[in-house]
Amino acid sequence: MAAMLMRMFPLLLLLLLGGCGDDRPERIAQFQQLAQERVAYLGSALEKGEIRNANLLKQYANLLQTQKPELTPLLEELAKDASTQGPMYNSLKRRLEELGNSSNFVDLDQQLEEAQNLYQAADPSLYNDMLSDPVNVVADMSNGALARVNAISREAAVLANGAEDFGAGSQLVGNPAYGSWQTGSNGMSFWAWYGMYSMFSNLVRGPVSYDRWSSRRDYSYYNDVGRYRYTSPKQAQAQNQTFERTKKQFNNQGKRFDSPYAKSRAGSTSLSRQSSSAPKASTVGKRSSGSKFRSNYANSSNFRNSGSRTTRGVRRGK
């Protein structure tokens, strides 16, 4: 009997070690599958008109085109976010493709965190909240004729945050779906819009420099709530590099420079439970152990239909 136990000991040890093995690859594969299903579900919901703020975005864009036809190309570009053709939805699809290649990540922890974030970012309720930024951009361009959603008024937000009004489109500054921080000849960074969004350059109050924006920016959903979920690891790295470069320049001048995300701005209203429980935007890139992760969306079939929410009319009452 003793001899038999001795012969079985290596096998038992192997089984024991196998049971304590690294489960991260399996969890990554699971979340990748869940994220793929949820991104597809979200795309279907957008095309069927089941996302409340997506519907508002299309309505707002159409209404404003009749009032300001010179802005039609820009408004048509913004309205794409109400469909699967917009930069935010395409960003989710691109991240889903990158998720399948482990070489895109520094380690398994980062890959697992991205899989979890991507799964949650495609939640219809969270995505509905994210769309409040482009909706409110169009609302602000209407000079108050159209009501903001999920946010206090432009004037109240500027006052509450001691912010500078950078003009139309300022909610999208800092969001890598619409532009990026570029370095000028003076070594300082400024916001450069992508494609048709460059029309905002004619509407904002001069070039938006990174250092001025960082200290004087107003509230936006992406920068104050959604950045944790809607930023890929590569995008977070680029944002951090811009911050570190600017911080070093200020340090060389004997000045202090704080991250634009160190302090959340006031201004959100009526956000979903998913957004209200999201990690702070300032924690992007600060990874914790994947083993401590507990999803708020453990049931992959528990999708909330954002289109079922009641809504006010699109025009502001006088």
# chains A, B, ... in the order shown; residues from 1 in each chain; ligands from 1
$ closest_atom_pairs --of "segment 135-170 of chain A" --to "segment 56-62 of chain A" --cutoff "8 Å" --atoms "only C-alpha atoms" --output "JSON lines"
{"residue": "A:Val135", "atom": "CA", "partner": "A:Leu57", "partner_atom": "CA", "distance": 5.1}
{"residue": "A:Val138", "atom": "CA", "partner": "A:Tyr60", "partner_atom": "CA", "distance": 6.6}
{"residue": "A:Ala139", "atom": "CA", "partner": "A:Tyr60", "partner_atom": "CA", "distance": 7.1}
{"residue": "A:Leu146", "atom": "CA", "partner": "A:Tyr60", "partner_atom": "CA", "distance": 7.3}
$ closest_atom_pairs --of "segment 118-203 of chain A" --to "segment 28-47 of chain A" --cutoff "8 Å" --atoms "only C-alpha atoms" --output "JSON lines"
{"residue": "A:Leu118", "atom": "CA", "partner": "A:Ala35", "partner_atom": "CA", "distance": 6.2}
{"residue": "A:Tyr119", "atom": "CA", "partner": "A:Ala35", "partner_atom": "CA", "distance": 4.2}
{"residue": "A:Gln120", "atom": "CA", "partner": "A:Ala35", "partner_atom": "CA", "distance": 7.8}
{"residue": "A:Ala122", "atom": "CA", "partner": "A:Val39", "partner_atom": "CA", "distance": 5.4}
{"residue": "A:Asp123", "atom": "CA", "partner": "A:Arg38", "partner_atom": "CA", "distance": 6.9}
{"residue": "A:Pro124", "atom": "CA", "partner": "A:Leu42", "partner_atom": "CA", "distance": 6.0}
$ residues_around --residues "Ala262 of chain A" --least-positions-apart "6" --cutoff "12 Å" --atoms "only C-alpha atoms" --output "ChimeraX atom specification"
/A:214-215,217,223-224,243,280-284
$ write_last_selection --atoms "C-alpha atoms" --output "PDB file, in the first residue's frame"
ATOM      1  CA  SER A 214      -5.913  70.547 -18.027  1.00  0.00           C
ATOM      2  CA  SER A 215      -6.435  73.228 -15.412  1.00  0.00           C
ATOM      3  CA  ARG A 217     -11.514  72.153 -18.537  1.00  0.00           C
ATOM      4  CA  ASN A 223     -13.159  62.797 -19.083  1.00  0.00           C
ATOM      5  CA  ASP A 224     -14.932  62.535 -15.722  1.00  0.00           C
ATOM      6  CA  PHE A 243       0.968  64.424 -19.119  1.00  0.00           C
ATOM      7  CA  LYS A 280     -12.738  57.158 -11.352  1.00  0.00           C
ATOM      8  CA  ALA A 281     -11.290  58.474 -14.603  1.00  0.00           C
ATOM      9  CA  SER A 282      -8.024  59.206 -12.775  1.00  0.00           C
ATOM     10  CA  THR A 283      -7.416  55.478 -12.254  1.00  0.00           C
ATOM     11  CA  VAL A 284      -6.928  54.708 -15.957  1.00  0.00           C
TER      12      VAL A 284
END
$ select_by_dssp --residues "segment 119-171 of chain A" --states "alpha helix (DSSP H)" --output "PDB file with all heavy atoms, in the first residue's frame"
ATOM      1  N   TYR A 119     -15.893  44.569 -22.231  1.00  0.00           N
ATOM      2  CA  TYR A 119     -17.199  43.946 -21.996  1.00  0.00           C
ATOM      3  C   TYR A 119     -18.156  44.949 -21.359  1.00  0.00           C
ATOM      4  O   TYR A 119     -19.323  45.056 -21.756  1.00  0.00           O
ATOM      5  CB  TYR A 119     -17.005  42.723 -21.094  1.00  0.00           C
ATOM      6  CG  TYR A 119     -18.282  42.162 -20.519  1.00  0.00           C
ATOM      7  CD1 TYR A 119     -19.278  41.648 -21.344  1.00  0.00           C
ATOM      8  CD2 TYR A 119     -18.483  42.141 -19.138  1.00  0.00           C
ATOM      9  CE1 TYR A 119     -20.443  41.130 -20.812  1.00  0.00           C
ATOM     10  CE2 TYR A 119     -19.652  41.620 -18.604  1.00  0.00           C
ATOM     11  CZ  TYR A 119     -20.627  41.119 -19.439  1.00  0.00           C
ATOM     12  OH  TYR A 119     -21.786  40.603 -18.911  1.00  0.00           O
ATOM     13  N   GLN A 120     -17.683  45.709 -20.388  1.00  0.00           N
ATOM     14  CA  GLN A 120     -18.541  46.659 -19.710  1.00  0.00           C
ATOM     15  C   GLN A 120     -18.820  47.895 -20.563  1.00  0.00           C
ATOM     16  O   GLN A 120     -19.918  48.455 -20.522  1.00  0.00           O
ATOM     17  CB  GLN A 120     -17.924  47.045 -18.367  1.00  0.00           C
ATOM     18  CG  GLN A 120     -17.852  45.854 -17.421  1.00  0.00           C
ATOM     19  CD  GLN A 120     -17.357  46.208 -16.035  1.00  0.00           C
ATOM     20  OE1 GLN A 120     -17.348  47.364 -15.644  1.00  0.00           O
ATOM     21  NE2 GLN A 120     -16.941  45.206 -15.294  1.00  0.00           N
ATOM     22  N   ALA A 121     -17.840  48.332 -21.352  1.00  0.00           N
ATOM     23  CA  ALA A 121     -18.037  49.510 -22.198  1.00  0.00           C
ATOM     24  C   ALA A 121     -19.143  49.299 -23.223  1.00  0.00           C
ATOM     25  O   ALA A 121     -19.783  50.263 -23.666  1.00  0.00           O
ATOM     26  CB  ALA A 121     -16.734  49.859 -22.918  1.00  0.00           C
ATOM     27  N   PRO A 124     -25.284  48.516 -23.052  1.00  0.00           N
ATOM     28  CA  PRO A 124     -26.128  49.552 -23.659  1.00  0.00           C
ATOM     29  C   PRO A 124     -26.392  50.752 -22.754  1.00  0.00           C
ATOM     30  O   PRO A 124     -26.418  51.893 -23.225  1.00  0.00           O
ATOM     31  CB  PRO A 124     -27.423  48.807 -23.985  1.00  0.00           C
ATOM     32  CG  PRO A 124     -26.987  47.394 -24.201  1.00  0.00           C
ATOM     33  CD  PRO A 124     -25.889  47.173 -23.198  1.00  0.00           C
ATOM     34  N   SER A 125     -26.574  50.523 -21.455  1.00  0.00           N
ATOM     35  CA  SER A 125     -26.838  51.638 -20.544  1.00  0.00           C
ATOM     36  C   SER A 125     -25.614  52.528 -20.398  1.00  0.00           C
ATOM     37  O   SER A 125     -25.708  53.759 -20.377  1.00  0.00           O
ATOM     38  CB  SER A 125     -27.265  51.114 -19.172  1.00  0.00           C
ATOM     39  OG  SER A 125     -28.537  50.507 -19.240  1.00  0.00           O
ATOM     40  N   LEU A 126     -24.453  51.909 -20.277  1.00  0.00           N
ATOM     41  CA  LEU A 126     -23.215  52.680 -20.167  1.00  0.00           C
ATOM     42  C   LEU A 126     -22.936  53.432 -21.461  1.00  0.00           C
ATOM     43  O   LEU A 126     -22.531  54.604 -21.453  1.00  0.00           O
ATOM     44  CB  LEU A 126     -22.055  51.731 -19.840  1.00  0.00           C
ATOM     45  CG  LEU A 126     -20.834  52.341 -19.139  1.00  0.00           C
ATOM     46  CD1 LEU A 126     -21.197  52.784 -17.736  1.00  0.00           C
ATOM     47  CD2 LEU A 126     -19.710  51.323 -19.081  1.00  0.00           C
ATOM     48  N   TYR A 127     -23.162  52.770 -22.590  1.00  0.00           N
ATOM     49  CA  TYR A 127     -22.931  53.399 -23.889  1.00  0.00           C
ATOM     50  C   TYR A 127     -23.916  54.542 -24.106  1.00  0.00           C
ATOM     51  O   TYR A 127     -23.567  55.577 -24.691  1.00  0.00           O
ATOM     52  CB  TYR A 127     -23.077  52.350 -24.995  1.00  0.00           C
ATOM     53  CG  TYR A 127     -22.505  52.772 -26.332  1.00  0.00           C
ATOM     54  CD1 TYR A 127     -21.150  52.607 -26.610  1.00  0.00           C
ATOM     55  CD2 TYR A 127     -23.311  53.335 -27.315  1.00  0.00           C
ATOM     56  CE1 TYR A 127     -20.625  52.978 -27.827  1.00  0.00           C
ATOM     57  CE2 TYR A 127     -22.788  53.717 -28.539  1.00  0.00           C
ATOM     58  CZ  TYR A 127     -21.441  53.533 -28.784  1.00  0.00           C
ATOM     59  OH  TYR A 127     -20.920  53.920 -30.000  1.00  0.00           O
ATOM     60  N   ASN A 128     -25.136  54.378 -23.638  1.00  0.00           N
ATOM     61  CA  ASN A 128     -26.128  55.446 -23.726  1.00  0.00           C
ATOM     62  C   ASN A 128     -25.637  56.693 -22.992  1.00  0.00           C
ATOM     63  O   ASN A 128     -25.753  57.817 -23.488  1.00  0.00           O
ATOM     64  CB  ASN A 128     -27.454  54.972 -23.127  1.00  0.00           C
ATOM     65  CG  ASN A 128     -28.532  56.037 -23.151  1.00  0.00           C
ATOM     66  OD1 ASN A 128     -29.060  56.381 -24.200  1.00  0.00           O
ATOM     67  ND2 ASN A 128     -28.864  56.567 -21.982  1.00  0.00           N
ATOM     68  N   ASP A 129     -25.060  56.500 -21.809  1.00  0.00           N
ATOM     69  CA  ASP A 129     -24.501  57.631 -21.060  1.00  0.00           C
ATOM     70  C   ASP A 129     -23.340  58.267 -21.811  1.00  0.00           C
ATOM     71  O   ASP A 129     -23.201  59.498 -21.837  1.00  0.00           O
ATOM     72  CB  ASP A 129     -24.024  57.164 -19.688  1.00  0.00           C
ATOM     73  CG  ASP A 129     -25.165  56.819 -18.747  1.00  0.00           C
ATOM     74  OD1 ASP A 129     -26.309  57.234 -19.016  1.00  0.00           O
ATOM     75  OD2 ASP A 129     -24.913  56.133 -17.735  1.00  0.00           O
ATOM     76  N   MET A 130     -22.490  57.430 -22.416  1.00  0.00           N
ATOM     77  CA  MET A 130     -21.351  57.952 -23.152  1.00  0.00           C
ATOM     78  C   MET A 130     -21.785  58.879 -24.279  1.00  0.00           C
ATOM     79  O   MET A 130     -21.125  59.885 -24.576  1.00  0.00           O
ATOM     80  CB  MET A 130     -20.521  56.783 -23.691  1.00  0.00           C
ATOM     81  CG  MET A 130     -19.197  57.159 -24.349  1.00  0.00           C
ATOM     82  SD  MET A 130     -19.358  57.835 -26.025  1.00  0.00           S
ATOM     83  CE  MET A 130     -20.243  56.523 -26.837  1.00  0.00           C
ATOM     84  N   SER A 132     -23.992  60.973 -24.274  1.00  0.00           N
ATOM     85  CA  SER A 132     -24.422  62.292 -23.811  1.00  0.00           C
ATOM     86  C   SER A 132     -23.444  63.379 -24.237  1.00  0.00           C
ATOM     87  O   SER A 132     -23.855  64.529 -24.441  1.00  0.00           O
ATOM     88  CB  SER A 132     -24.591  62.300 -22.287  1.00  0.00           C
ATOM     89  OG  SER A 132     -23.369  62.046 -21.620  1.00  0.00           O
ATOM     90  N   ASP A 133     -22.178  63.051 -24.406  1.00  0.00           N
ATOM     91  CA  ASP A 133     -21.203  64.065 -24.838  1.00  0.00           C
ATOM     92  C   ASP A 133     -21.520  64.611 -26.234  1.00  0.00           C
ATOM     93  O   ASP A 133     -21.684  65.823 -26.397  1.00  0.00           O
ATOM     94  CB  ASP A 133     -19.780  63.511 -24.787  1.00  0.00           C
ATOM     95  CG  ASP A 133     -19.156  63.628 -23.400  1.00  0.00           C
ATOM     96  OD1 ASP A 133     -19.719  64.351 -22.554  1.00  0.00           O
ATOM     97  OD2 ASP A 133     -18.110  62.998 -23.165  1.00  0.00           O
ATOM     98  N   PRO A 134     -21.603  63.767 -27.282  1.00  0.00           N
ATOM     99  CA  PRO A 134     -21.948  64.328 -28.590  1.00  0.00           C
ATOM    100  C   PRO A 134     -23.336  64.945 -28.634  1.00  0.00           C
ATOM    101  O   PRO A 134     -23.556  65.937 -29.342  1.00  0.00           O
ATOM    102  CB  PRO A 134     -21.826  63.133 -29.550  1.00  0.00           C
ATOM    103  CG  PRO A 134     -21.867  61.921 -28.697  1.00  0.00           C
ATOM    104  CD  PRO A 134     -21.263  62.323 -27.387  1.00  0.00           C
ATOM    105  N   VAL A 135     -24.289  64.395 -27.862  1.00  0.00           N
ATOM    106  CA  VAL A 135     -25.620  65.003 -27.802  1.00  0.00           C
ATOM    107  C   VAL A 135     -25.517  66.423 -27.262  1.00  0.00           C
ATOM    108  O   VAL A 135     -26.094  67.367 -27.818  1.00  0.00           O
ATOM    109  CB  VAL A 135     -26.576  64.169 -26.914  1.00  0.00           C
ATOM    110  CG1 VAL A 135     -27.860  64.950 -26.632  1.00  0.00           C
ATOM    111  CG2 VAL A 135     -26.923  62.850 -27.587  1.00  0.00           C
ATOM    112  N   ASN A 136     -24.758  66.600 -26.192  1.00  0.00           N
ATOM    113  CA  ASN A 136     -24.650  67.912 -25.569  1.00  0.00           C
ATOM    114  C   ASN A 136     -23.807  68.885 -26.395  1.00  0.00           C
ATOM    115  O   ASN A 136     -23.992  70.100 -26.302  1.00  0.00           O
ATOM    116  CB  ASN A 136     -24.089  67.777 -24.157  1.00  0.00           C
ATOM    117  CG  ASN A 136     -25.075  67.109 -23.222  1.00  0.00           C
ATOM    118  OD1 ASN A 136     -26.278  67.164 -23.440  1.00  0.00           O
ATOM    119  ND2 ASN A 136     -24.568  66.467 -22.186  1.00  0.00           N
ATOM    120  N   VAL A 137     -22.904  68.359 -27.200  1.00  0.00           N
ATOM    121  CA  VAL A 137     -22.177  69.216 -28.136  1.00  0.00           C
ATOM    122  C   VAL A 137     -23.159  69.865 -29.101  1.00  0.00           C
ATOM    123  O   VAL A 137     -23.129  71.083 -29.334  1.00  0.00           O
ATOM    124  CB  VAL A 137     -21.111  68.415 -28.905  1.00  0.00           C
ATOM    125  CG1 VAL A 137     -20.600  69.199 -30.112  1.00  0.00           C
ATOM    126  CG2 VAL A 137     -19.942  68.074 -27.996  1.00  0.00           C
ATOM    127  N   VAL A 138     -24.047  69.047 -29.676  1.00  0.00           N
ATOM    128  CA  VAL A 138     -25.045  69.580 -30.611  1.00  0.00           C
ATOM    129  C   VAL A 138     -26.002  70.518 -29.883  1.00  0.00           C
ATOM    130  O   VAL A 138     -26.380  71.577 -30.415  1.00  0.00           O
ATOM    131  CB  VAL A 138     -25.820  68.439 -31.298  1.00  0.00           C
ATOM    132  CG1 VAL A 138     -26.854  68.997 -32.265  1.00  0.00           C
ATOM    133  CG2 VAL A 138     -24.861  67.507 -32.044  1.00  0.00           C
ATOM    134  N   ALA A 139     -26.393  70.164 -28.661  1.00  0.00           N
ATOM    135  CA  ALA A 139     -27.282  71.024 -27.880  1.00  0.00           C
ATOM    136  C   ALA A 139     -26.648  72.395 -27.653  1.00  0.00           C
ATOM    137  O   ALA A 139     -27.311  73.433 -27.796  1.00  0.00           O
ATOM    138  CB  ALA A 139     -27.614  70.359 -26.546  1.00  0.00           C
ATOM    139  N   ASP A 140     -25.372  72.418 -27.313  1.00  0.00           N
ATOM    140  CA  ASP A 140     -24.689  73.690 -27.072  1.00  0.00           C
ATOM    141  C   ASP A 140     -24.558  74.509 -28.353  1.00  0.00           C
ATOM    142  O   ASP A 140     -24.616  75.739 -28.328  1.00  0.00           O
ATOM    143  CB  ASP A 140     -23.297  73.437 -26.486  1.00  0.00           C
ATOM    144  CG  ASP A 140     -23.356  72.901 -25.058  1.00  0.00           C
ATOM    145  OD1 ASP A 140     -24.446  72.950 -24.449  1.00  0.00           O
ATOM    146  OD2 ASP A 140     -22.320  72.426 -24.566  1.00  0.00           O
ATOM    147  N   MET A 141     -24.408  73.819 -29.481  1.00  0.00           N
ATOM    148  CA  MET A 141     -24.307  74.509 -30.760  1.00  0.00           C
ATOM    149  C   MET A 141     -25.629  75.164 -31.154  1.00  0.00           C
ATOM    150  O   MET A 141     -25.656  76.057 -32.001  1.00  0.00           O
ATOM    151  CB  MET A 141     -23.856  73.525 -31.847  1.00  0.00           C
ATOM    152  CG  MET A 141     -22.415  73.057 -31.693  1.00  0.00           C
ATOM    153  SD  MET A 141     -22.017  71.612 -32.725  1.00  0.00           S
ATOM    154  CE  MET A 141     -22.144  72.300 -34.364  1.00  0.00           C
ATOM    155  N   ARG A 154     -24.728  74.428 -19.529  1.00  0.00           N
ATOM    156  CA  ARG A 154     -23.375  74.863 -19.857  1.00  0.00           C
ATOM    157  C   ARG A 154     -22.918  75.974 -18.917  1.00  0.00           C
ATOM    158  O   ARG A 154     -21.800  75.944 -18.390  1.00  0.00           O
ATOM    159  CB  ARG A 154     -23.352  75.347 -21.306  1.00  0.00           C
ATOM    160  CG  ARG A 154     -22.001  75.752 -21.856  1.00  0.00           C
ATOM    161  CD  ARG A 154     -22.162  76.127 -23.321  1.00  0.00           C
ATOM    162  NE  ARG A 154     -20.915  76.401 -23.999  1.00  0.00           N
ATOM    163  CZ  ARG A 154     -20.830  76.655 -25.296  1.00  0.00           C
ATOM    164  NH1 ARG A 154     -21.925  76.658 -26.034  1.00  0.00           N
ATOM    165  NH2 ARG A 154     -19.654  76.888 -25.868  1.00  0.00           N
ATOM    166  N   GLU A 155     -23.791  76.938 -18.693  1.00  0.00           N
ATOM    167  CA  GLU A 155     -23.444  78.078 -17.842  1.00  0.00           C
ATOM    168  C   GLU A 155     -23.219  77.636 -16.397  1.00  0.00           C
ATOM    169  O   GLU A 155     -22.266  78.076 -15.739  1.00  0.00           O
ATOM    170  CB  GLU A 155     -24.558  79.133 -17.902  1.00  0.00           C
ATOM    171  CG  GLU A 155     -24.783  79.757 -19.268  1.00  0.00           C
ATOM    172  CD  GLU A 155     -25.530  78.855 -20.239  1.00  0.00           C
ATOM    173  OE1 GLU A 155     -26.128  77.850 -19.770  1.00  0.00           O
ATOM    174  OE2 GLU A 155     -25.526  79.143 -21.449  1.00  0.00           O
ATOM    175  N   ALA A 156     -24.084  76.747 -15.894  1.00  0.00           N
ATOM    176  CA  ALA A 156     -23.964  76.274 -14.522  1.00  0.00           C
ATOM    177  C   ALA A 156     -22.688  75.460 -14.322  1.00  0.00           C
ATOM    178  O   ALA A 156     -22.026  75.562 -13.283  1.00  0.00           O
ATOM    179  CB  ALA A 156     -25.186  75.437 -14.142  1.00  0.00           C
ATOM    180  N   ALA A 157     -22.325  74.649 -15.321  1.00  0.00           N
ATOM    181  CA  ALA A 157     -21.124  73.819 -15.221  1.00  0.00           C
ATOM    182  C   ALA A 157     -19.861  74.679 -15.206  1.00  0.00           C
ATOM    183  O   ALA A 157     -18.939  74.441 -14.419  1.00  0.00           O
ATOM    184  CB  ALA A 157     -21.077  72.829 -16.383  1.00  0.00           C
ATOM    185  N   VAL A 158     -19.812  75.668 -16.083  1.00  0.00           N
ATOM    186  CA  VAL A 158     -18.656  76.564 -16.132  1.00  0.00           C
ATOM    187  C   VAL A 158     -18.486  77.266 -14.793  1.00  0.00           C
ATOM    188  O   VAL A 158     -17.367  77.390 -14.261  1.00  0.00           O
ATOM    189  CB  VAL A 158     -18.807  77.600 -17.275  1.00  0.00           C
ATOM    190  CG1 VAL A 158     -17.749  78.699 -17.149  1.00  0.00           C
ATOM    191  CG2 VAL A 158     -18.684  76.906 -18.630  1.00  0.00           C
ATOM    192  N   LEU A 159     -19.591  77.715 -14.207  1.00  0.00           N
ATOM    193  CA  LEU A 159     -19.549  78.412 -12.931  1.00  0.00           C
ATOM    194  C   LEU A 159     -19.143  77.474 -11.804  1.00  0.00           C
ATOM    195  O   LEU A 159     -18.300  77.810 -10.962  1.00  0.00           O
ATOM    196  CB  LEU A 159     -20.918  79.029 -12.637  1.00  0.00           C
ATOM    197  CG  LEU A 159     -21.039  79.857 -11.347  1.00  0.00           C
ATOM    198  CD1 LEU A 159     -20.104  81.066 -11.411  1.00  0.00           C
ATOM    199  CD2 LEU A 159     -22.481  80.303 -11.125  1.00  0.00           C
ATOM    200  N   ALA A 160     -19.718  76.263 -11.774  1.00  0.00           N
ATOM    201  CA  ALA A 160     -19.450  75.307 -10.704  1.00  0.00           C
ATOM    202  C   ALA A 160     -17.999  74.842 -10.692  1.00  0.00           C
ATOM    203  O   ALA A 160     -17.426  74.583  -9.627  1.00  0.00           O
ATOM    204  CB  ALA A 160     -20.383  74.104 -10.840  1.00  0.00           C
ATOM    205  N   ASN A 161     -17.398  74.741 -11.872  1.00  0.00           N
ATOM    206  CA  ASN A 161     -16.044  74.202 -11.983  1.00  0.00           C
ATOM    207  C   ASN A 161     -14.969  75.272 -12.142  1.00  0.00           C
ATOM    208  O   ASN A 161     -13.779  74.933 -12.232  1.00  0.00           O
ATOM    209  CB  ASN A 161     -15.976  73.232 -13.170  1.00  0.00           C
ATOM    210  CG  ASN A 161     -16.870  72.024 -12.976  1.00  0.00           C
ATOM    211  OD1 ASN A 161     -16.821  71.370 -11.946  1.00  0.00           O
ATOM    212  ND2 ASN A 161     -17.709  71.725 -13.964  1.00  0.00           N
TER     213      ASN A 161
END
$ residues_around --residues "Gly285 of chain A" --least-positions-apart "5" --cutoff "8 Å" --atoms "only C-alpha atoms" --output "VMD selection string"
chain A and resid 233 236 to 237
$ closest_residue --among "A:Pro176, A:Gly144, A:Gly49, A:Gly226" --to "Ala278 of chain A" --atoms "only C-alpha atoms"
A:Gly226
$ residues_around --residues "Asp107 of chain A" --least-positions-apart "2" --cutoff "12 Å" --atoms "only C-alpha atoms" --output "number ranges by chain"
A: 24-25, 28, 101-105, 109-114, 233, 287, 289-290
$ atom_distance --atom1 "atom CA of Phe166 of chain A" --atom2 "atom CA of Gln67 of chain A"
22.4 Å
$ residues_around --residues "Arg216 of chain A" --least-positions-apart "4" --cutoff "12 Å" --atoms "only C-alpha atoms" --output "PyMOL selection string"
chain A and resi 157-166+170+208-212+258-261+263-265
$ atom_distance --atom1 "atom CA of Pro279 of chain A" --atom2 "atom CA of Tyr228 of chain A"
6.6 Å
$ residues_around --residues "Gln241 of chain A" --least-positions-apart "4" --cutoff "12 Å" --atoms "only C-alpha atoms" --output "list in words"
Trp181, Gln182, Thr183, Ser189, Lys234, Gln235, Ala236, Gln237, Arg245, Thr246, Lys247, Lys248, Ser259 and Gly285 of chain A
$ write_last_selection --atoms "N, CA and C atoms" --output "compact mmCIF listing (two decimals), in the first residue's frame"
# COMPACT_ATOMS: atom_id res chain seq x y z
N TRP A 181 -3.67 64.59 -28.87
CA TRP A 181 -2.77 65.65 -28.45
C TRP A 181 -1.50 65.60 -29.29
N GLN A 182 -1.20 66.71 -29.96
CA GLN A 182 -0.01 66.82 -30.79
C GLN A 182 0.96 67.81 -30.18
N THR A 183 2.23 67.62 -30.46
CA THR A 183 3.26 68.51 -29.91
C THR A 183 3.63 69.58 -30.92
N SER A 189 1.81 70.82 -26.05
CA SER A 189 0.81 70.01 -26.74
C SER A 189 -0.48 70.79 -26.97
N LYS A 234 -3.32 51.38 -25.09
CA LYS A 234 -2.43 52.20 -25.92
C LYS A 234 -2.83 53.67 -25.82
N GLN A 235 -4.12 53.95 -25.82
CA GLN A 235 -4.59 55.33 -25.70
C GLN A 235 -4.24 55.90 -24.33
N ALA A 236 -4.38 55.08 -23.29
CA ALA A 236 -4.05 55.52 -21.93
C ALA A 236 -2.55 55.83 -21.83
N GLN A 237 -1.74 55.02 -22.50
CA GLN A 237 -0.29 55.26 -22.49
C GLN A 237 0.05 56.58 -23.17
N ARG A 245 5.25 64.52 -20.14
CA ARG A 245 6.06 65.48 -20.89
C ARG A 245 5.76 66.92 -20.45
N THR A 246 4.48 67.22 -20.29
CA THR A 246 4.09 68.56 -19.87
C THR A 246 4.50 68.82 -18.42
N LYS A 247 4.36 67.82 -17.57
CA LYS A 247 4.75 67.96 -16.17
C LYS A 247 6.25 68.25 -16.06
N LYS A 248 7.04 67.58 -16.87
CA LYS A 248 8.49 67.80 -16.85
C LYS A 248 8.83 69.22 -17.28
N SER A 259 -2.41 66.48 -13.23
CA SER A 259 -3.11 65.76 -14.28
C SER A 259 -4.50 66.35 -14.49
N GLY A 285 -5.08 53.19 -16.33
CA GLY A 285 -3.68 52.82 -16.43
C GLY A 285 -3.09 52.33 -15.12
$ closest_residue --among "A:Arg227, A:Gly184, A:Ile51, A:Asn143" --to "Thr84 of chain A" --atoms "only C-alpha atoms"
A:Ile51
$ select_by_dssp --residues "segment 94-198 of chain A" --states "strand (DSSP E)" --output "list in words"
Gly179, Ser180, Trp181, Gln182, Thr183, Ser189, Phe190, Trp191, Ala192 and Trp193 of chain A
$ atom_distance --atom1 "atom CA of Leu203 of chain A" --atom2 "atom CA of Ala168 of chain A"
5.8 Å
